[in-house]
Each structure stands twice: as C-alpha cells, then as structure tokens.
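Shown next: final-v1.txt, containing compact mmCIF, C-alpha atoms and all ligand atoms.
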# COMPACT_ATOMS: atom_id res chain seq x y z
CA MET H 1 -72.23 72.55 -31.12
CA GLU H 2 -68.81 73.92 -30.33
CA SER H 3 -66.24 72.48 -27.94
CA TYR H 4 -65.42 75.82 -26.32
CA HIS H 5 -68.00 75.11 -23.62
CA LEU H 6 -66.56 71.73 -22.66
CA PRO H 7 -64.07 72.73 -19.91
CA VAL H 8 -66.64 74.75 -17.93
CA CYS H 9 -70.06 73.31 -18.77
CA HIS H 10 -68.81 69.72 -18.73
CA ALA H 11 -66.27 70.05 -15.94
CA GLY H 12 -67.96 67.12 -14.16
CA THR H 13 -67.74 64.71 -17.10
CA ILE H 14 -65.79 65.13 -20.35
CA GLY H 15 -64.49 68.67 -19.84
CA GLY H 16 -61.14 67.69 -18.37
CA LEU H 17 -60.22 65.09 -20.96
CA SER H 18 -60.95 67.15 -24.08
CA ARG H 19 -57.88 69.00 -25.29
CA LEU H 20 -59.03 72.27 -26.84
CA GLU H 21 -55.49 73.26 -27.79
CA ASP H 22 -55.66 70.47 -30.36
CA MET H 23 -59.03 71.58 -31.75
CA ILE H 24 -59.26 71.92 -35.53
CA CYS H 25 -62.23 73.92 -36.68
CA PRO H 26 -62.40 74.45 -40.46
CA PRO H 27 -64.94 76.75 -42.13
CA GLY H 28 -68.31 75.03 -42.50
CA GLY H 29 -70.30 74.31 -45.64
CA ALA H 30 -73.72 75.67 -46.60
CA ALA H 31 -75.61 73.13 -44.49
CA TYR H 32 -73.11 71.79 -41.97
CA ASN H 33 -70.00 72.40 -39.95
CA TYR H 34 -67.61 70.08 -38.18
CA HIS H 35 -64.55 70.22 -36.01
CA THR H 36 -62.22 67.80 -34.31
CA ILE H 37 -60.70 67.56 -30.85
CA LEU H 38 -58.33 65.05 -29.29
CA LYS H 39 -59.14 63.21 -26.09
CA ASP H 40 -56.62 62.06 -23.50
CA ASP H 41 -56.42 58.49 -22.16
CA THR H 42 -58.93 58.94 -19.33
CA LEU H 43 -61.98 57.52 -21.09
CA ARG H 44 -61.00 54.23 -22.75
CA ILE H 45 -64.15 53.89 -24.89
CA ALA H 46 -63.49 57.28 -26.52
CA LEU H 47 -60.28 55.87 -28.00
CA ALA H 48 -59.59 53.26 -30.68
CA HIS H 49 -59.70 49.73 -29.25
CA PRO H 50 -56.08 48.84 -28.44
CA THR H 51 -56.08 45.44 -30.17
CA ARG H 52 -59.14 45.21 -32.45
CA ASN H 53 -58.91 48.60 -34.15
CA ASP H 54 -56.01 48.66 -36.60
CA ARG H 55 -57.84 50.98 -39.02
CA LEU H 56 -56.99 54.26 -37.31
CA HIS H 57 -53.48 55.60 -36.92
CA GLY H 58 -51.69 58.29 -34.93
CA ASP H 59 -53.92 61.06 -33.60
CA GLU H 60 -56.93 59.48 -35.36
CA ARG H 61 -56.96 56.92 -32.54
CA ARG H 62 -57.94 59.61 -30.02
CA MET H 63 -59.81 61.98 -32.33
CA THR H 64 -63.41 63.00 -31.72
CA ILE H 65 -65.29 64.47 -34.69
CA LEU H 66 -68.23 66.77 -33.95
CA LEU H 67 -70.70 67.38 -36.74
CA ALA H 68 -73.58 69.84 -36.91
CA LEU H 69 -76.03 69.24 -39.76
CA TYR H 70 -78.36 72.23 -39.95
CA PRO H 71 -80.75 73.03 -38.63
CA GLY H 72 -81.01 70.58 -35.78
CA LEU H 73 -78.81 67.47 -35.85
CA MET H 74 -75.54 67.12 -33.96
CA ILE H 75 -73.41 63.99 -34.10
CA THR H 76 -70.33 63.14 -32.07
CA LEU H 77 -68.10 60.40 -33.44
CA THR H 78 -65.29 58.85 -31.43
CA PRO H 79 -63.35 55.71 -32.31
CA GLY H 80 -65.26 53.80 -29.60
CA TYR H 81 -68.74 55.31 -29.54
CA PHE H 82 -71.04 57.82 -31.20
CA TRP H 83 -74.00 59.83 -30.04
CA TYR H 84 -76.40 62.27 -31.57
CA LEU H 85 -78.80 65.00 -30.54
CA SER H 86 -81.84 65.76 -32.68
CA LEU H 87 -83.30 69.16 -31.79
CA HIS H 88 -86.94 69.99 -32.41
CA PRO H 89 -87.85 73.57 -31.42
CA ARG H 90 -91.25 73.96 -29.76
CA GLY H 91 -91.17 77.75 -30.01
CA PRO H 92 -88.71 80.49 -29.10
CA GLY H 93 -88.17 79.34 -25.53
CA GLN H 94 -88.39 75.55 -25.72
CA VAL H 95 -86.73 72.71 -27.55
CA HIS H 96 -87.49 69.01 -27.52
CA ILE H 97 -84.32 66.93 -27.79
CA ARG H 98 -84.12 63.30 -28.84
CA PHE H 99 -80.77 61.65 -28.33
CA GLY H 100 -79.18 58.27 -28.81
CA GLY H 101 -75.88 56.59 -29.34
CA GLY H 102 -74.01 53.35 -29.66
CA MET H 103 -70.68 51.66 -29.22
CA SER H 104 -68.20 50.33 -31.72
CA ASP H 105 -68.28 46.57 -32.30
CA ASP H 106 -64.58 46.62 -31.41
CA PHE H 107 -65.58 46.77 -27.74
CA ALA H 108 -68.44 44.23 -27.91
CA ASP H 109 -66.32 41.15 -27.14
CA ASP H 110 -64.47 42.68 -24.23
CA PRO H 111 -65.14 40.99 -20.88
CA ASP H 112 -66.23 44.38 -19.53
CA ALA H 113 -68.35 45.31 -22.57
CA GLN H 114 -71.59 45.53 -20.59
CA ASP H 115 -69.93 47.71 -17.95
CA ASN H 116 -68.63 49.99 -20.70
CA PHE H 117 -72.08 50.25 -22.22
CA VAL H 118 -73.63 51.18 -18.88
CA ALA H 119 -70.80 53.69 -18.31
CA LEU H 120 -71.44 55.25 -21.72
CA LYS H 121 -75.21 55.56 -21.12
CA THR H 122 -74.55 57.14 -17.71
CA LEU H 123 -72.00 59.51 -19.23
CA LEU H 124 -74.33 60.68 -22.00
CA ASP H 125 -77.20 61.18 -19.54
CA ASP H 126 -74.91 63.26 -17.30
CA VAL H 127 -73.58 65.30 -20.25
CA ASN H 128 -77.11 66.09 -21.34
CA VAL H 129 -78.05 67.26 -17.84
CA GLU H 130 -74.98 69.54 -17.87
CA ASP H 131 -75.92 70.90 -21.30
CA ARG H 132 -79.45 71.57 -20.19
CA GLY H 133 -78.22 73.53 -17.16
CA CYS H 134 -75.80 75.59 -19.24
CA THR H 135 -78.11 76.33 -22.15
CA GLU H 136 -81.01 77.30 -19.90
CA LYS H 137 -78.77 79.74 -18.02
CA VAL H 138 -77.37 81.19 -21.26
CA TYR H 139 -80.87 81.56 -22.66
CA ARG H 140 -82.09 83.32 -19.52
CA GLY H 141 -79.13 85.67 -19.80
CA LEU H 142 -79.78 86.39 -23.47
CA CYS H 143 -83.41 87.24 -22.65
CA SER H 144 -82.33 89.86 -20.11
CA ASP H 145 -82.88 93.51 -20.98
CA MET H 146 -79.30 94.05 -19.83
CA ALA H 147 -77.84 91.56 -22.35
CA THR H 148 -75.61 92.96 -25.08
CA PRO H 149 -73.95 90.92 -27.83
CA GLY H 150 -70.28 90.12 -27.35
CA HIS H 151 -67.45 88.78 -29.44
CA LEU H 152 -67.24 85.12 -30.29
CA SER H 153 -64.03 83.24 -29.57
CA HIS H 154 -62.25 81.65 -32.52
CA LEU H 155 -63.11 78.39 -30.73
CA GLU H 156 -66.80 79.20 -31.38
CA ARG H 157 -66.47 79.03 -35.16
CA PRO H 158 -69.38 76.49 -35.39
CA ASN H 159 -71.71 79.06 -33.76
CA TYR H 160 -70.60 81.70 -36.26
CA ASP H 161 -71.21 79.33 -39.17
CA PHE H 162 -74.65 78.41 -37.86
CA ALA H 163 -75.51 82.09 -37.39
CA GLN H 164 -74.51 82.68 -41.03
CA TYR H 165 -76.82 79.85 -42.08
CA LEU H 166 -79.69 81.29 -40.03
CA MET H 167 -79.12 84.77 -41.42
CA ALA H 168 -79.21 83.44 -44.99
CA LYS H 169 -82.49 81.63 -44.29
CA ILE H 170 -84.03 84.73 -42.68
CA ASP H 171 -82.91 86.89 -45.60
CA ALA H 172 -84.37 84.37 -48.06
CA GLY H 173 -87.66 84.36 -46.12
CA ARG H 174 -87.81 88.15 -46.20
CA GLY H 175 -87.19 88.05 -49.96
CA GLU H 176 -90.10 85.66 -50.44
CA GLN H 177 -92.37 87.86 -48.28
CA GLY H 178 -91.34 90.90 -50.29
CA ALA H 179 -92.07 89.11 -53.56
CA ALA H 180 -95.51 87.89 -52.39
FE FE V 1 -72.34 70.25 -24.28

In structure tokens, what does this structure look like?
Amino acid sequence: MESYHLPVCHAGTIGGLSRLEDMICPPGGAAYNYHTILKDDTLRIALAHPTRNDRLHGDERRMTILLALYPGLMITLTPGYFWYLSLHPRGPGQVHIRFGGGMSDDFADDPDAQDNFVALKTLLDDVNVEDRGCTEKVYRGLCSDMATPGHLSHLERPNYDFAQYLMAKIDAGRGEQGAA
C-alpha cells in the first residue's frame, strides 16, 4: 500500500515516473490511510487531460492519490485513470486478489482512446505481476527462521498505520476471548 516499493519493485513499469521526494503521507484514520505522489510527464493518461480537464490545477494535475481502506481494499486515483485491488485472504500464506480499473471520460473522445485503454490494461497487468513477484519474495523472507524485524522507513507510514489497525483488532479479539 505504500509507494516506497515503487522504484525497485516496479522498475519495469511505473517505478521511474513516480517521484517519491514529492510524497505526502499524513497519519491515517482508524479505518484507512492515504498518501499522494506526483508523476512526471512520461505516462500521459496518469495526468489531467491537457484540454478537457480544467478542474484540476497546479500539482493536482499530476497527483496520484493512493488509498487503503482496511482491511483489504486499495484504490489508486490519478487524473486520467483509477484502479483498485480487493484482497481476500485464503489463509496465512495465500490471498485472492480481484482488481479492476477505468479511465476518465476526459480521454474517451481522443483519437487514440482505444490505444490508451489497451495501454492501461497492459500496464495494470504488468504492475500486478511485479507486485506478485515482490510480495511472494518478501513473504518467503519473512517466513525464514533467520528473519528479524527491521525498522520501517518514514516512506512506509501506510504499513505502520495498517499494523496499528491490525494490533488494535487483535487486542480487541483477545479482550473478547478473555471476557467469554
Ligand atoms: Fe506495487
């Protein structure tokens, strides 16, 4: 859910065009967190449409907003497209993921709209393959007897917030077990 993994995990797709130095990552709420990053000009459909979008101004025109709604919904909003991942755990070592997305109407009348749509679908498929590779490797590492917890980067604030949410739920569950 954080953008810290973008430059390495997504080096083949969106990693190079996401500017982490411009990331804004406020503290999350009880059931969500969000942060924003700015994208460069490389991917046109991630930016506000140059002529049809007069609603967004300044940095908003290149801003991507990443939302995590606990426990298992992640939504990425850009001025040109959105996509979501809906995570359904199948046990400790498996998760079923449903994903989808769509494009802004601003791009629908462009002569190359269909090409953009195909490019977006291909991009999201590729990003998901990258995420799968990274998360499976991280999970294998975490399961190792040699694994020890490390510090989180300040760029991993969403992970910290989610961990706090999980801890609160676990504590609440223990309280209910104790009361039963
Ligand atoms: Fe990712």

Q) Near range 164-167 of chain H, counting only C-alpha atoms, which residues have an atom at most 12 Å away, once you skip same-chain residues fewer than 2 positions from it, shown as number ranges by chain? A) H: 27-33, 68-72, 157-162, 169-174

Kindly compile the residues surrounding ligand FE 1 (chain V) within 9 Å, counting all atoms listed in the file, and format them as a short mmCIF file (atom, residue, chain, number, x, y, z; two decimals) with C-alpha atoms, in the coordinates of the input.
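Resulting contents of selection.cif:
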data_model
loop_
_atom_site.label_atom_id
_atom_site.label_comp_id
_atom_site.auth_asym_id
_atom_site.auth_seq_id
_atom_site.Cartn_x
_atom_site.Cartn_y
_atom_site.Cartn_z
CA MET H 1 -72.23 72.55 -31.12
CA GLU H 2 -68.81 73.92 -30.33
CA SER H 3 -66.24 72.48 -27.94
CA HIS H 5 -68.00 75.11 -23.62
CA LEU H 6 -66.56 71.73 -22.66
CA CYS H 9 -70.06 73.31 -18.77
CA HIS H 10 -68.81 69.72 -18.73
CA VAL H 127 -73.58 65.30 -20.25
CA ASN H 128 -77.11 66.09 -21.34
CA GLU H 130 -74.98 69.54 -17.87
CA ASP H 131 -75.92 70.90 -21.30
CA ARG H 132 -79.45 71.57 -20.19
CA CYS H 134 -75.80 75.59 -19.24
CA THR H 135 -78.11 76.33 -22.15
#

Q: Between H:Met63, H:Ile75, H:Leu123, H:Val138, single out the one closest to Gly12 in chain H, counting only C-alpha atoms.
A: H:Leu123

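Nearest residue to Cys25 in chain H among H:Leu87, H:Met103, H:Leu77, H:Ile65 is H:Ile65, counting all atoms listed in the file.
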
Q: Select all residues near (-88.3, 62.2, -29.7) (cut-off 12 Å, inclusive, file coordinates), counting all atoms listed in the file, and output them as a count of residues only.
A: 11

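Note that the spacing between CA of Pro7 in chain H and CA of Asp59 in chain H amounts to 20.7 Å.
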
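In terms of minimum interatomic distance to Leu43 in chain H, H:Leu120 ranks closest within H:Leu120, H:Ala163, H:Met74, H:Ala108, counting all atoms listed in the file.
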
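Distances from H:Cys143, H:Leu67, H:Ala113, H:Ala119 to Gly93 in chain H were compared using all atoms listed in the file, and the smallest one belongs to H:Cys143.
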
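Put simply, CA of Lys137 in chain H is 27.2 Å away from CA of Ala168 in chain H.
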
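Distances from H:Met146, H:Ala46, H:Leu155, H:Val8 to Met23 in chain H were compared using only C-alpha atoms, and the smallest one belongs to H:Leu155.
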
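One distance worth recording is that between CA of Thr64 in chain H and CA of Arg44 in chain H, which is 12.8 Å.
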
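Among H:Thr148, H:Thr122, H:Thr78, H:Thr51, the residue with the shortest atom-to-atom distance to Asp110 in chain H, counting all atoms listed in the file, is H:Thr51.
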
Output as AutoDock Vina command-line options the centre and edge lengths (Å, one decimal) of the box along x, y and z of the file that holds every listed atom of range 1-16 of chain H after adding 6 Å on each side.
--center_x -66.7 --center_y 70.3 --center_z -22.6 --size_x 23.1 --size_y 23.1 --size_z 29.0
